[in-house]
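Chemist: Here it is: the structure, laid out below.
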Amino acid sequence: MNKLLATSALVAAGLLSSATVTFAQNTPPAGGMQVVVGGFMHQYVGFASNNDGVNFASGNGRAAAGVFSQTNRTSQQFDAEVFIGGRSTLSNGIVIGFNIEIEGNSNNSQGANTMATAQDNIDESYLFIDGAFGRVLLGSEDDAAFLMHYGAPAMGATWGANEAYVTNWVQPPVNVSFLTTTSTLTQADAQRLTYFTPRFSGFQVGASFTPNSLQDANGFVDQRASRSNGWAPSINYVNTIGGIRVAASAGVSYFPEIDAAAATTSNGHAIMDMSYGLQLGMGPITVGGGYRIFDNNLAAGDGMAYSLGVSYQSGPIAVSASYLESKVNGTATVGDDQFKQAILSAAYTMGPGVDLIGSIFSVSYKDEAGGAANNNSGGGAVAGIRLMF
């Protein structure tokens, strides 16, 4: 979520510094598009407890998934990205720009000394067009229902319920399925076309079309083998009523079934990923929550998630408390996989772009199949610094 906020700030402002990149070739004409660099870096140190004898995924010091006889309790973890962006205003007032997000610590080899997950080098890469008609996005970016969602609040640099870092500290058993956010997150950063209307009387409508389930790639997919032609309409409302700040959202991400897939598999059923959220604020306090239904019959992730939270921000100080729970189908034939997380987080802004962060948390994973190797629970405490540049 911090990444999303940082990215949104780059797109909205169109700059993160006054520096202009000089190109060795294809130099833009005088007065042309200004290219700037920005991003974020999070560095944390802390401890967390994990059950012994749990079957964890590959990485984490292992070349393959396996049972951890004894998990160490201390760790130093990170998250970092570099944003390259630019914008140009045409004579008719239309603004055209781009945004590219480069992972700062990608690790595809899963080396023996990392707790990071495998990821590609480019996170998101898209072009945007802004005008009186609204906004158009073309490229690799989350869909409209994700971008317009409001859920449990997390003010400042505090850790919130959605896509929280805590799953890197109290880790999921390899066989447990769960939802980490109340936003829609179907096909994530696939190549897509998105349109947002201007905001009228507090309301804004958006929609995304995803022709192929591809990311950072050109080409087509076989409709009889992969998801295609997905839609994600969404609406939100932002206003102040009687001194109370109101932000509400509703969205859905839909993908039809794969043509050749059997009805006895999840691919033979459509995906309907629905999200709802509400935030209310007065003065320095904001409360809110979100609810998500991921409907894909026979899929391990078929199920629901909800989150609740409260945040306080005054001057350089921000505090948030949040809870998220998910219950999904899992991979076994009976029961549900369950995931619960509770987070208390505080942040202090030490200067422009520099935040000190502390978080304590409790997490549990329960697999429908049971057994010590399929369940994990624990808690932890971390402290760190976030840089925004």
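Order determines the names: the first chain of the structure tokens is A, the second B, and so forth; residues in each chain are numbered 1 upward, and ligands are numbered 1 upward as they are shown.
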Per DSSP on the backbone, what are the helix (DSSP H, G or I) residues of range 116-192 of chain A, as a PyMOL selection string?

Modeler: chain A and resi 144-147+165-168

Chemist: Need the shell around Glu163 in chain A: protein/DNA/RNA residues with any atom at most 9 Å away, counting only C-alpha atoms. Skip same-chain ones fewer than 5 positions apart. Format as an NGL selection string?

Modeler: :A and (1 or 179-182)

Chemist: So what do you get for CA of Gly243 in chain A versus CA of Ala154 in chain A, distance-wise?

Modeler: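 Taking CA of Gly243 in chain A and CA of Ala154 in chain A, their separation equals 20.5 Å.
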
Chemist: Need the shell around Ile285 in chain A: protein/DNA/RNA residues with any atom at most 7 Å away, counting only C-alpha atoms. Skip same-chain ones fewer than 3 positions apart. Format as a list of chain:residue names?

Modeler: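 Using only C-alpha atoms, the neighbours found are A:Gly281, A:Met282, A:Ser311, A:Tyr312, A:Gln313.
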
Chemist: Please give the complete set of residues from range 175-270 of chain A that DSSP, run on the backbone, assigns to strand (DSSP E or B), formatted as a tab-separated table (two decimals) with C-alpha atoms, in the first residue's frame.

Modeler:
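Written output follows (result22.tsv):
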```tsv
chain	number	residue	atom	x	y	z
A	191	GLN	CA	-1.33	-5.00	-19.61
A	192	ARG	CA	-4.62	-3.11	-19.73
A	193	LEU	CA	-6.57	0.00	-20.72
A	194	THR	CA	-8.13	2.02	-17.88
A	195	TYR	CA	-10.35	5.10	-17.89
A	196	PHE	CA	-11.39	7.35	-14.98
A	200	PHE	CA	-18.71	14.98	-10.12
A	203	PHE	CA	-18.46	10.64	-7.40
A	204	GLN	CA	-15.95	9.14	-9.79
A	205	VAL	CA	-16.32	6.11	-12.10
A	206	GLY	CA	-13.53	4.01	-13.53
A	207	ALA	CA	-13.21	0.90	-15.67
A	208	SER	CA	-10.39	-1.32	-16.92
A	209	PHE	CA	-10.22	-3.74	-19.84
A	210	THR	CA	-7.58	-6.48	-19.75
A	211	PRO	CA	-7.34	-8.28	-23.10
A	212	ASN	CA	-4.53	-10.67	-22.13
A	228	SER	CA	-8.47	-13.07	-21.27
A	229	ASN	CA	-10.90	-10.20	-21.91
A	230	GLY	CA	-11.39	-9.16	-18.31
A	231	TRP	CA	-13.34	-6.12	-17.11
A	232	ALA	CA	-13.05	-4.09	-13.89
A	233	PRO	CA	-15.68	-1.35	-13.37
A	234	SER	CA	-15.58	0.68	-10.16
A	235	ILE	CA	-17.10	3.70	-8.45
A	236	ASN	CA	-16.08	5.72	-5.41
A	237	TYR	CA	-17.33	8.73	-3.51
A	238	VAL	CA	-15.21	11.29	-1.64
A	239	ASN	CA	-16.71	14.27	0.17
A	240	THR	CA	-17.07	16.07	3.51
A	241	ILE	CA	-20.56	16.00	5.02
A	244	ILE	CA	-17.16	14.28	8.55
A	245	ARG	CA	-14.83	13.08	5.78
A	246	VAL	CA	-16.46	10.31	3.78
A	247	ALA	CA	-14.75	7.97	1.31
A	248	ALA	CA	-16.59	4.93	-0.05
A	249	SER	CA	-15.94	2.53	-2.91
A	250	ALA	CA	-17.34	-0.48	-4.74
A	251	GLY	CA	-15.71	-2.38	-7.58
A	252	VAL	CA	-15.50	-5.70	-9.36
A	253	SER	CA	-12.89	-7.46	-11.46
A	254	TYR	CA	-14.34	-10.05	-13.84
A	255	PHE	CA	-12.67	-12.65	-16.07
```

Chemist: Considering only C-alpha atoms, can you say which of A:Trp169, A:Phe146, A:Tyr126, A:Phe83 comes closest to Asp216 in chain A?

Modeler: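 Nearest candidate to Asp216 in chain A out of A:Trp169, A:Phe146, A:Tyr126, A:Phe83: A:Tyr126.
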